[in-house]
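Trainee: I'm passing along final26.cif; it holds mmCIF, C-alpha atoms and all ligand atoms.
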data_protein
#
loop_
_atom_site.label_atom_id
_atom_site.label_comp_id
_atom_site.auth_asym_id
_atom_site.auth_seq_id
_atom_site.Cartn_x
_atom_site.Cartn_y
_atom_site.Cartn_z
CA MET G 1 108.22 172.52 93.22
CA ALA G 2 109.12 169.89 95.77
CA LEU G 3 108.75 166.16 95.62
CA ASN G 4 105.50 164.96 97.21
CA GLU G 5 104.86 161.55 98.75
CA SER G 6 103.32 159.99 95.66
CA ASP G 7 106.18 161.34 93.51
CA ARG G 8 108.56 159.58 95.83
CA GLU G 9 106.70 156.27 95.58
CA TRP G 10 106.70 156.38 91.79
CA LEU G 11 110.38 157.26 91.76
CA LEU G 12 111.16 154.28 93.98
CA ARG G 13 109.28 152.06 91.53
CA ALA G 14 111.34 153.52 88.71
CA ALA G 15 114.46 152.67 90.73
CA GLU G 16 113.27 149.06 91.10
CA LEU G 17 112.81 148.83 87.35
CA ALA G 18 116.31 150.20 86.82
CA ALA G 19 117.81 147.27 88.71
CA ARG G 20 116.54 144.89 86.01
CA GLY G 21 119.39 146.10 83.81
CA TRP G 22 121.96 144.41 86.11
CA GLY G 23 124.63 142.65 84.08
CA ARG G 24 123.31 143.88 80.72
CA VAL G 25 123.97 147.63 80.43
CA HIS G 26 127.19 148.61 82.19
CA PRO G 27 129.22 150.75 81.71
CA ASN G 28 126.00 152.63 80.92
CA PRO G 29 123.92 153.41 84.01
CA MET G 30 120.95 151.28 84.96
CA VAL G 31 117.86 153.48 84.62
CA GLY G 32 114.13 152.93 85.11
CA CYS G 33 111.23 155.13 83.99
CA ILE G 34 107.52 155.23 84.84
CA LEU G 35 104.84 157.33 83.13
CA THR G 36 101.66 158.28 84.97
CA ARG G 37 98.56 160.29 84.12
CA ASP G 38 96.14 161.49 86.80
CA GLY G 39 97.99 159.30 89.26
CA ASN G 40 97.64 156.12 87.16
CA LEU G 41 100.45 154.12 85.62
CA VAL G 42 100.36 154.43 81.82
CA GLY G 43 103.83 153.21 80.87
CA GLU G 44 107.06 151.82 82.19
CA GLY G 45 110.45 150.80 80.89
CA TRP G 46 114.08 150.36 81.79
CA HIS G 47 117.41 150.38 80.00
CA GLU G 48 117.54 146.72 79.07
CA GLU G 49 120.62 146.35 76.92
CA TYR G 50 123.83 148.29 76.35
CA GLY G 51 123.44 150.20 73.08
CA GLY G 52 119.67 149.68 73.13
CA PRO G 53 116.89 152.20 73.86
CA HIS G 54 117.07 154.12 77.12
CA ALA G 55 114.49 153.66 79.87
CA GLU G 56 112.49 156.74 78.84
CA VAL G 57 112.15 155.51 75.25
CA ASN G 58 110.93 152.09 76.39
CA ALA G 59 108.43 153.70 78.79
CA ILE G 60 107.08 156.02 76.07
CA ARG G 61 106.72 153.08 73.68
CA SER G 62 104.77 151.12 76.27
CA ALA G 63 102.48 154.09 76.95
CA GLY G 64 101.69 154.94 73.30
CA ASP G 65 99.42 157.98 73.01
CA ALA G 66 98.91 158.05 76.78
CA ALA G 67 102.38 159.62 77.08
CA ARG G 68 100.88 162.96 75.99
CA GLY G 69 100.35 165.05 79.11
CA ALA G 70 101.96 162.40 81.34
CA THR G 71 104.42 162.76 84.19
CA ALA G 72 107.68 160.85 83.72
CA TYR G 73 109.46 159.46 86.78
CA VAL G 74 113.08 158.61 85.98
CA SER G 75 115.62 157.22 88.45
CA LEU G 76 118.36 159.27 86.74
CA GLU G 77 118.15 162.68 85.06
CA PRO G 78 117.20 162.25 81.39
CA CYS G 79 120.22 162.51 79.12
CA SER G 80 120.89 165.40 76.76
CA HIS G 81 123.56 163.65 74.70
CA HIS G 82 123.34 162.55 71.08
CA GLY G 83 124.98 159.15 71.43
CA LYS G 84 123.88 155.77 70.13
CA THR G 85 120.30 156.98 70.54
CA PRO G 86 118.73 160.48 70.46
CA PRO G 87 118.77 162.26 73.83
CA CYS G 88 115.92 161.27 76.12
CA SER G 89 115.16 164.88 77.00
CA GLU G 90 114.19 165.44 73.33
CA VAL G 91 112.24 162.18 73.18
CA LEU G 92 110.24 163.16 76.27
CA LEU G 93 109.45 166.56 74.75
CA GLU G 94 108.31 165.05 71.45
CA ALA G 95 106.08 162.56 73.26
CA GLY G 96 104.33 165.46 74.98
CA VAL G 97 105.36 164.65 78.56
CA THR G 98 104.55 167.73 80.64
CA ARG G 99 106.24 166.94 83.95
CA VAL G 100 109.52 165.15 84.67
CA VAL G 101 110.59 163.97 88.13
CA PHE G 102 114.05 162.48 88.48
CA GLY G 103 115.99 160.89 91.35
CA ALA G 104 119.70 161.52 90.81
CA ALA G 105 121.40 164.15 88.67
CA ASP G 106 123.40 162.80 85.73
CA PRO G 107 127.07 163.30 86.64
CA GLY G 108 128.23 162.91 83.04
CA GLN G 109 130.01 165.86 81.37
CA GLU G 110 128.37 165.09 78.03
CA THR G 111 125.16 163.44 79.10
CA GLY G 112 124.12 165.74 81.97
CA GLY G 113 121.93 168.82 81.77
CA GLY G 114 118.81 167.12 80.42
CA GLY G 115 116.71 168.51 83.27
CA GLU G 116 117.67 172.09 82.43
CA LEU G 117 116.99 171.53 78.75
CA LEU G 118 113.49 170.23 79.51
CA ALA G 119 112.77 173.12 81.89
CA GLN G 120 113.80 175.63 79.20
CA ALA G 121 111.30 173.96 76.86
CA GLY G 122 108.50 174.56 79.37
CA VAL G 123 108.30 171.17 81.06
CA GLU G 124 107.89 171.18 84.83
CA VAL G 125 111.06 169.52 86.14
CA VAL G 126 111.54 168.25 89.69
CA GLY G 127 114.86 166.78 90.77
CA PRO G 128 117.24 165.65 91.95
CA GLY G 129 115.31 164.12 94.85
CA PRO G 130 116.19 165.18 98.41
CA ASP G 131 117.47 161.68 99.27
CA VAL G 132 119.62 161.47 96.18
CA GLY G 133 121.72 158.70 97.74
CA THR G 134 118.79 156.32 97.36
CA PHE G 135 118.84 156.84 93.61
CA GLN G 136 122.60 156.83 93.27
CA ASP G 137 122.46 153.52 95.08
CA VAL G 138 120.55 152.07 92.13
CA ASP G 139 123.91 151.90 90.40
CA PRO G 140 126.81 152.61 92.77
CA VAL G 141 129.39 151.47 90.20
CA PHE G 142 128.22 154.13 87.74
CA PHE G 143 128.27 156.96 90.29
CA TYR G 144 131.56 155.89 91.87
CA THR G 145 133.39 155.56 88.56
CA SER G 146 132.03 158.86 87.31
CA ARG G 147 133.80 160.47 90.28
CA TYR G 148 136.96 158.44 90.69
CA ALA G 149 139.31 156.91 88.14
CA ARG G 150 139.44 153.66 90.09
CA PRO G 151 137.35 150.49 89.92
CA TYR G 152 134.42 150.09 92.28
CA LEU G 153 135.45 147.12 94.38
CA ALA G 154 132.98 144.89 96.22
CA LEU G 155 133.95 142.07 98.57
CA LYS G 156 132.10 138.84 99.11
CA LEU G 157 132.78 136.30 101.83
CA ALA G 158 130.79 133.34 103.08
CA VAL G 159 131.25 132.74 106.79
CA SER G 160 129.99 130.41 109.50
CA LEU G 161 128.14 131.66 112.57
CA ASP G 162 131.48 131.79 114.37
CA GLY G 163 133.02 133.95 111.62
CA ARG G 164 135.13 131.32 109.85
CA ILE G 165 135.52 130.77 106.14
CA ALA G 166 136.95 127.24 106.10
CA ALA G 167 137.03 124.26 108.44
CA ARG G 168 140.84 124.17 108.34
CA PRO G 169 143.60 126.01 106.52
CA GLY G 170 143.98 124.60 103.04
CA GLU G 171 140.60 122.85 103.11
CA ARG G 172 137.85 123.80 100.67
CA THR G 173 134.68 124.33 102.68
CA LEU G 174 131.30 124.89 101.07
CA LEU G 175 129.21 126.90 103.48
CA THR G 176 126.22 128.32 101.64
CA GLY G 177 123.28 126.64 99.93
CA ASP G 178 121.89 126.81 96.40
CA GLU G 179 119.88 130.01 96.86
CA ALA G 180 122.88 131.95 98.17
CA ASN G 181 125.13 130.51 95.48
CA ARG G 182 122.67 131.58 92.82
CA GLU G 183 122.73 135.10 94.27
CA VAL G 184 126.54 135.11 94.17
CA HIS G 185 126.43 134.27 90.46
CA ARG G 186 123.87 137.02 89.88
CA LEU G 187 126.16 139.48 91.67
CA ARG G 188 129.14 138.33 89.56
CA SER G 189 127.18 139.01 86.39
CA GLY G 190 127.05 142.76 87.12
CA PHE G 191 130.81 143.23 87.53
CA ASP G 192 133.58 143.63 84.97
CA ALA G 193 135.83 141.25 86.90
CA VAL G 194 135.72 138.55 89.57
CA MET G 195 138.86 138.32 91.72
CA VAL G 196 140.33 135.89 94.27
CA GLY G 197 143.62 135.65 96.13
CA GLY G 198 146.18 133.03 95.09
CA GLU G 199 145.63 130.90 98.19
CA THR G 200 141.88 130.73 97.54
CA ALA G 201 142.56 129.87 93.90
CA ARG G 202 144.82 126.99 94.94
CA VAL G 203 142.61 125.61 97.72
CA ASP G 204 139.20 125.99 96.04
CA ASP G 205 140.35 125.65 92.42
CA PRO G 206 137.34 127.75 91.30
CA VAL G 207 136.24 128.34 87.71
CA LEU G 208 134.93 131.85 88.54
CA THR G 209 132.52 131.99 85.62
CA VAL G 210 128.90 133.15 85.82
CA ARG G 211 126.52 130.18 85.93
CA HIS G 212 123.15 129.34 87.56
CA GLY G 213 121.27 130.70 84.55
CA TRP G 214 122.58 134.29 84.63
CA ASP G 215 123.69 135.78 81.38
CA PRO G 216 126.04 138.77 81.63
CA ARG G 217 126.47 140.81 78.47
CA VAL G 218 130.24 140.58 78.89
CA PRO G 219 131.55 137.61 80.91
CA PRO G 220 133.57 139.06 83.82
CA THR G 221 137.34 138.79 83.56
CA ARG G 222 138.68 136.28 86.09
CA ILE G 223 141.48 137.75 88.22
CA VAL G 224 143.87 135.92 90.56
CA LEU G 225 146.27 137.82 92.81
CA ASP G 226 149.14 135.38 92.75
CA PRO G 227 152.33 137.16 93.91
CA SER G 228 154.68 134.24 93.20
CA ALA G 229 152.80 133.02 90.11
CA ALA G 230 152.35 129.75 91.96
CA LEU G 231 149.04 128.84 90.36
CA SER G 232 149.11 125.54 88.52
CA PRO G 233 148.66 125.70 84.74
CA ASP G 234 146.30 122.75 85.32
CA ALA G 235 143.95 124.88 87.46
CA ALA G 236 140.26 124.66 86.59
CA LEU G 237 140.37 128.32 85.49
CA PHE G 238 142.28 127.31 82.40
CA GLY G 239 140.36 124.16 81.61
CA THR G 240 137.03 125.76 80.77
CA GLU G 241 135.54 126.53 77.40
CA SER G 242 134.57 129.91 78.76
CA ASP G 243 135.64 132.96 76.84
CA ALA G 244 136.07 134.96 80.04
CA PRO G 245 139.70 136.09 80.10
CA VAL G 246 142.04 135.12 82.94
CA LEU G 247 144.19 137.92 84.37
CA ILE G 248 146.91 137.14 86.92
CA PHE G 249 148.71 139.72 89.03
CA ALA G 250 152.16 138.51 90.08
CA THR G 251 155.05 140.48 91.58
CA GLU G 252 158.63 140.99 90.46
CA ALA G 253 159.57 138.20 92.86
CA ALA G 254 157.78 135.57 90.76
CA ARG G 255 160.06 133.23 88.80
CA SER G 256 159.90 134.00 85.11
CA GLU G 257 159.40 130.35 84.10
CA ARG G 258 156.27 130.23 86.25
CA VAL G 259 154.98 133.43 84.67
CA ASP G 260 155.68 131.96 81.22
CA ALA G 261 153.86 128.73 82.11
CA LEU G 262 150.73 130.72 83.01
CA ARG G 263 150.97 132.77 79.84
CA GLU G 264 151.24 129.57 77.82
CA VAL G 265 147.88 128.37 79.09
CA GLY G 266 146.26 131.61 78.03
CA ALA G 267 146.47 133.89 81.07
CA GLN G 268 147.39 137.54 80.83
CA VAL G 269 150.02 138.06 83.54
CA GLU G 270 150.64 141.56 84.88
CA ILE G 271 153.68 142.18 87.07
CA VAL G 272 153.08 144.65 89.90
CA PRO G 273 155.26 145.83 92.81
CA GLN G 274 155.13 144.04 96.11
CA ALA G 275 153.14 145.59 98.91
CA GLU G 276 155.07 147.55 101.51
CA PRO G 277 155.12 145.62 104.79
CA SER G 278 152.03 146.84 106.59
CA PRO G 279 151.70 147.35 110.34
CA HIS G 280 148.55 145.27 110.04
CA ALA G 281 150.24 142.42 108.20
CA ASP G 282 149.38 139.09 109.65
CA PRO G 283 151.57 136.05 109.41
CA ALA G 284 150.29 133.62 106.81
CA PRO G 285 148.28 130.82 108.40
CA ARG G 286 150.47 127.79 108.85
CA PRO G 287 149.18 125.09 106.52
CA GLU G 288 148.03 121.91 108.19
CA PRO G 289 150.07 118.83 107.34
CA THR G 290 148.48 116.83 104.54
CA PRO G 291 146.20 114.24 106.13
CA LYS G 292 147.25 110.64 105.75
CA GLY G 293 145.56 108.92 102.84
CA ASP G 294 145.33 112.13 100.81
CA THR G 295 147.05 111.12 97.61
CA ALA G 296 146.43 114.36 95.76
CA VAL G 297 149.70 115.64 94.33
CA LYS G 298 150.24 119.22 95.31
CA GLU G 299 151.88 121.51 92.81
CA ASP G 300 155.14 122.98 94.08
CA PRO G 301 154.25 126.61 94.70
CA GLY G 302 157.80 127.78 94.17
CA PRO G 303 159.62 130.12 96.50
CA LYS G 304 157.48 131.86 99.07
CA VAL G 305 157.11 135.52 98.26
CA LYS G 306 157.05 137.84 101.24
CA GLY G 307 154.29 140.40 101.06
CA GLY G 308 151.55 140.25 98.48
CA ALA G 309 150.91 142.40 95.45
CA ASN G 310 150.52 146.13 95.96
CA LEU G 311 146.73 146.32 95.94
CA GLU G 312 146.47 149.93 94.93
CA THR G 313 148.61 149.24 91.86
CA VAL G 314 146.48 146.18 91.07
CA LEU G 315 143.37 148.35 91.02
CA GLU G 316 145.08 151.06 88.97
CA ARG G 317 146.13 148.41 86.46
CA CYS G 318 142.55 147.05 86.35
CA TRP G 319 141.27 150.54 85.60
CA GLY G 320 143.85 150.91 82.84
CA LEU G 321 142.62 147.65 81.34
CA GLY G 322 139.05 148.98 81.26
CA LEU G 323 137.78 147.07 84.30
CA ARG G 324 135.49 149.49 86.14
CA SER G 325 134.15 147.14 88.76
CA VAL G 326 135.69 144.18 90.58
CA PHE G 327 133.95 141.56 92.72
CA CYS G 328 136.47 140.05 95.14
CA GLU G 329 135.48 136.67 96.54
CA GLY G 330 138.24 136.18 99.09
CA GLY G 331 140.02 134.83 100.85
CA GLY G 332 139.87 136.39 104.25
CA ARG G 333 143.35 137.89 104.24
CA LEU G 334 142.78 139.63 100.92
CA ALA G 335 139.35 140.90 102.02
CA THR G 336 140.83 142.18 105.26
CA ALA G 337 143.70 143.93 103.49
CA LEU G 338 141.35 145.56 100.96
CA SER G 339 139.12 146.70 103.83
CA ARG G 340 142.01 148.09 105.87
CA GLU G 341 143.46 149.93 102.90
CA GLY G 342 140.07 151.48 102.22
CA LEU G 343 139.99 150.13 98.67
CA ALA G 344 136.66 148.28 98.86
CA ARG G 345 133.32 150.10 98.75
CA ARG G 346 130.80 147.32 99.45
CA PHE G 347 130.87 144.08 101.38
CA TYR G 348 128.48 141.17 100.79
CA LEU G 349 128.73 138.83 103.77
CA PHE G 350 126.85 135.54 103.47
CA GLN G 351 126.34 133.82 106.80
CA ALA G 352 125.61 130.09 106.87
CA PRO G 353 123.92 128.46 109.89
CA VAL G 354 126.90 126.26 110.75
CA THR G 355 129.71 126.46 113.27
CA LEU G 356 133.25 125.54 112.27
CA GLY G 357 135.01 125.78 115.62
CA SER G 358 138.41 126.96 116.67
CA GLN G 359 140.28 124.95 114.02
CA GLY G 360 138.49 127.01 111.36
CA VAL G 361 140.09 129.83 109.38
CA PRO G 362 138.84 133.22 110.63
CA ALA G 363 137.27 135.48 108.00
CA PHE G 364 139.25 138.43 109.33
CA PRO G 365 142.64 137.26 110.49
CA GLY G 366 144.46 139.31 113.07
CA GLY G 367 142.44 139.20 116.25
CA ASP G 368 138.75 139.76 116.62
CA ALA G 369 138.13 142.06 113.69
CA THR G 370 134.50 142.47 112.61
CA PRO G 371 133.03 144.19 109.55
CA GLU G 372 132.25 147.20 111.74
CA GLY G 373 135.78 147.15 113.19
CA LEU G 374 137.13 147.22 109.64
CA GLY G 375 135.17 150.39 108.87
CA TRP G 376 132.03 148.93 107.32
CA SER G 377 128.53 150.17 108.10
CA SER G 378 125.48 147.99 107.68
CA ARG G 379 123.03 148.76 104.89
CA GLY G 380 120.07 147.43 106.85
CA GLU G 381 118.30 144.20 107.56
CA PRO G 382 119.86 140.90 106.43
CA VAL G 383 118.22 139.24 103.42
CA ARG G 384 117.49 135.52 103.57
CA PHE G 385 118.60 133.12 100.84
CA GLY G 386 117.34 129.67 101.82
CA PRO G 387 119.02 128.82 105.12
CA ASP G 388 121.65 131.55 104.70
CA LEU G 389 121.63 135.27 105.42
CA LEU G 390 123.15 138.04 103.34
CA LEU G 391 124.42 141.04 105.28
CA THR G 392 125.47 143.98 103.14
CA TYR G 393 127.81 146.76 104.22
CA ASP G 394 128.95 149.97 102.58
CA ARG G 395 131.62 152.56 102.94
CA LYS G 396 130.54 156.10 102.29
CA ILE G 397 131.42 157.15 98.75
ZN ZN M 401 118.79 158.69 77.78
#
What does this structure look like when you write it as structure tokens?

Mentor:
Amino acid sequence: MALNESDREWLLRAAELAARGWGRVHPNPMVGCILTRDGNLVGEGWHEEYGGPHAEVNAIRSAGDAARGATAYVSLEPCSHHGKTPPCSEVLLEAGVTRVVFGAADPGQETGGGGELLAQAGVEVVGPGPDVGTFQDVDPVFFYTSRYARPYLALKLAVSLDGRIAARPGERTLLTGDEANREVHRLRSGFDAVMVGGETARVDDPVLTVRHGWDPRVPPTRIVLDPSAALSPDAALFGTESDAPVLIFATEAARSERVDALREVGAQVEIVPQAEPSPHADPAPRPEPTPKGDTAVKEDPGPKVKGGANLETVLERCWGLGLRSVFCEGGGRLATALSREGLARRFYLFQAPVTLGSQGVPAFPGGDATPEGLGWSSRGEPVRFGPDLLLTYDRKI
């Protein structure tokens, strides 16, 4: 039996509930479940915590006796696997649910097949939905990593109206307001790692932890791509009380004493090959001379390394270290390279209502590249955060 219009609406509500698990359940999937009887809501739940009850169990608990004879709407096919908790397909049967409608099929080798199991037991099962992408999109990291042995990589950049990320090379420029910044921290909380390029790490000296009140179950690992291991051991990354690990990717060209210095302050340093010179490679922006009166002592970055780290190897190494999702926050050259090499799946572009002018650093160096020109397709209308806009782009999985 096909999905009717009201089935679809309930399923979309289940998908909204699923999203509440952001930052708390991965690498498990985020799942939401709604129970209805005679078209009325009688229970709802979502997977709230890794290792805790699944969405279906929480929904059944909230419904009590009303679960008997109910229809269950689940954003993902109920599991059939005896893991930390009994399989949801059995729980639904025991509760007396008579109809199950699910959005996306469970891609797991062990966990999948719950729909079939329920159907064999006499439950009417409808799913996966015709627009399965909508329900996979509830948790793109889960679906991507169940298909590919590579981290799901998302990019984030904040740009001015004229597409610039900083007022001048080497100058830290805060573009977005509190609401957008809070959203960035929320996004961070759902990833296994937060990554920046070495230049961004030196100019912005970020801490890269999750703040603004968000509470990830596992604090994301903080990654810096630093080919020549030029990062200062005094960088803010190392000065925090945070227990989020720091992981640095340097290349064979980095001086060993610099690598040692970073290890001494607690970083894990991985050595990866240098990138092959790419036809798209852009010359590094020439740093502006230090303005007069600026007394800040700049750390000697050591010898300039040609070419950055091999990005594909970086991601393979991340996967090997158990990092299934990476949130890359710039800079522009790294974001552009990851886009051009087809390694990034999603792009969060925050646009601030300011203009930085021709002295500014372009978000996409190398001519007049745009997100679309780099292969991104828009996911729909921009979302407003205070004065700023968030435009989101995807690549087809
Ligand atoms: Zn389950």

Trainee: Using all atoms listed in the file, which residues sit within 9 Å of Trp319 in chain G once same-chain residues fewer than 6 positions away are excluded, as a PDB file with C-alpha atoms, in the frame of the given file?

Mentor:
ATOM      1  CA  ALA G 149     139.310 156.910  88.140  1.00  0.00           C
ATOM      2  CA  ARG G 150     139.440 153.660  90.090  1.00  0.00           C
ATOM      3  CA  PRO G 151     137.350 150.490  89.920  1.00  0.00           C
ATOM      4  CA  SER G 325     134.150 147.140  88.760  1.00  0.00           C
TER       5      SER G 325
END

Trainee: Which residues of chain G have any atom within 8 Å of an atom in ligand ZN 401 (chain M) when counting all atoms listed in the file, and what is the closest pair of atoms for each, with the distance in Å to one decimal? Order the rows by chain and rising number and write it as a tab-separated table.

Mentor:
residue	atom	partner	partner_atom	distance
G:Pro53	CA	M:ZN401	ZN	7.8
G:His54	CA	M:ZN401	ZN	4.9
G:Ala55	CA	M:ZN401	ZN	6.9
G:Glu56	CA	M:ZN401	ZN	6.7
G:Val57	CA	M:ZN401	ZN	7.8
G:Pro78	CA	M:ZN401	ZN	5.3
G:Cys79	CA	M:ZN401	ZN	4.3
G:Ser80	CA	M:ZN401	ZN	7.1
G:His81	CA	M:ZN401	ZN	7.5
G:Thr85	CA	M:ZN401	ZN	7.6
G:Pro86	CA	M:ZN401	ZN	7.5
G:Pro87	CA	M:ZN401	ZN	5.3
G:Cys88	CA	M:ZN401	ZN	4.2
G:Ser89	CA	M:ZN401	ZN	7.2

Trainee: Of the candidates G:Val218, G:Val203, G:Leu3, G:Cys33, which shows the shortest atom-to-atom distance to Asp131 in chain G, using only C-alpha atoms?

Mentor: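 Checking each candidate against Asp131 in chain G, we get G:Leu3 as the closest.
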
Trainee: So how far away is CA of Ala105 in chain G from CA of Ala193 in chain G, in Å?

Mentor: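 Distance reported for this atom pair: 27.1 Å.
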
Trainee: Of the candidates G:Pro140, G:Gly133, G:Ala244, G:Val74, which shows the shortest atom-to-atom distance to Gly115 in chain G, using only C-alpha atoms?

Mentor: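 Of G:Pro140, G:Gly133, G:Ala244, G:Val74, the one nearest Gly115 in chain G is G:Val74, counting only C-alpha atoms.
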
Trainee: Kindly indicate which residue among G:Ile60, G:Val159, G:Val314, G:Val101 lies nearest to Tyr348 in chain G, using all atoms listed in the file for the distances.

Mentor: G:Val159

Trainee: Which of these residues is nearest to Pro362 in chain G, using only C-alpha atoms: G:Ser377, G:Gln274, G:Ser160, G:Thr209?

Mentor: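 Of the candidates, the smallest distance to Pro362 in chain G is held by G:Ser160.
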
Trainee: I'd like to know which of G:Leu323, G:Leu389, G:Ala335, G:Ala121 is closest to Thr370 in chain G, using only C-alpha atoms.

Mentor: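 Distance minimum relative to Thr370 in chain G lands on G:Ala335.
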
Trainee: With all atoms listed in the file as the basis for distance, which of G:Trp22, G:Phe385, G:Tyr144, G:Phe249 is at the shortest distance from Gly177 in chain G?

Mentor: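 Of G:Trp22, G:Phe385, G:Tyr144, G:Phe249, the one nearest Gly177 in chain G is G:Phe385, counting all atoms listed in the file.
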
Trainee: Taking 4 positions as the minimum chain separation for residues in the same chain, which residues sit within 10 Å of Leu174 in chain G when counting only C-alpha atoms? Answer as a VMD selection string.

Mentor: chain G and resid 158 to 159 165 to 167 204 352

Trainee: Using only C-alpha atoms, which protein or nucleic acid residues come within 8 Å of Asp226 in chain G? Drop anything in the same chain fewer than 6 positions from it, and give the result as a list of chain:residue names.

Mentor: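 Final neighbour list, sorted by chain and number: G:Gly197, G:Gly198, G:Glu199, G:Ile248, G:Phe249, G:Ala250, G:Thr251, G:Gly308, G:Ala309.
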
Trainee: Using only C-alpha atoms, which protein or nucleic acid residues come within 10 Å of range 380-383 of chain G? Drop anything in the same chain fewer than 6 positions from it, and give the result as a VMD selection string.

Mentor: chain G and resid 349 to 351 389 to 393

Trainee: Write the residues you've just listed into a file as a PDB file, keeping the file's coordinate frame, and include C-alpha atoms for each of them.

Mentor:
ATOM      1  CA  LEU G 349     128.730 138.830 103.770  1.00  0.00           C
ATOM      2  CA  PHE G 350     126.850 135.540 103.470  1.00  0.00           C
ATOM      3  CA  GLN G 351     126.340 133.820 106.800  1.00  0.00           C
ATOM      4  CA  LEU G 389     121.630 135.270 105.420  1.00  0.00           C
ATOM      5  CA  LEU G 390     123.150 138.040 103.340  1.00  0.00           C
ATOM      6  CA  LEU G 391     124.420 141.040 105.280  1.00  0.00           C
ATOM      7  CA  THR G 392     125.470 143.980 103.140  1.00  0.00           C
ATOM      8  CA  TYR G 393     127.810 146.760 104.220  1.00  0.00           C
TER       9      TYR G 393
END

Trainee: Would you list the contacts of Arg202 in chain G as number ranges by chain, taking every protein, DNA or RNA residue within 12 Å and counting all atoms listed in the file, but skipping same-chain residues closer than 2 positions in sequence?

Mentor: G: 169-172, 196-200, 204-207, 224-226, 229-237, 298-301, 331
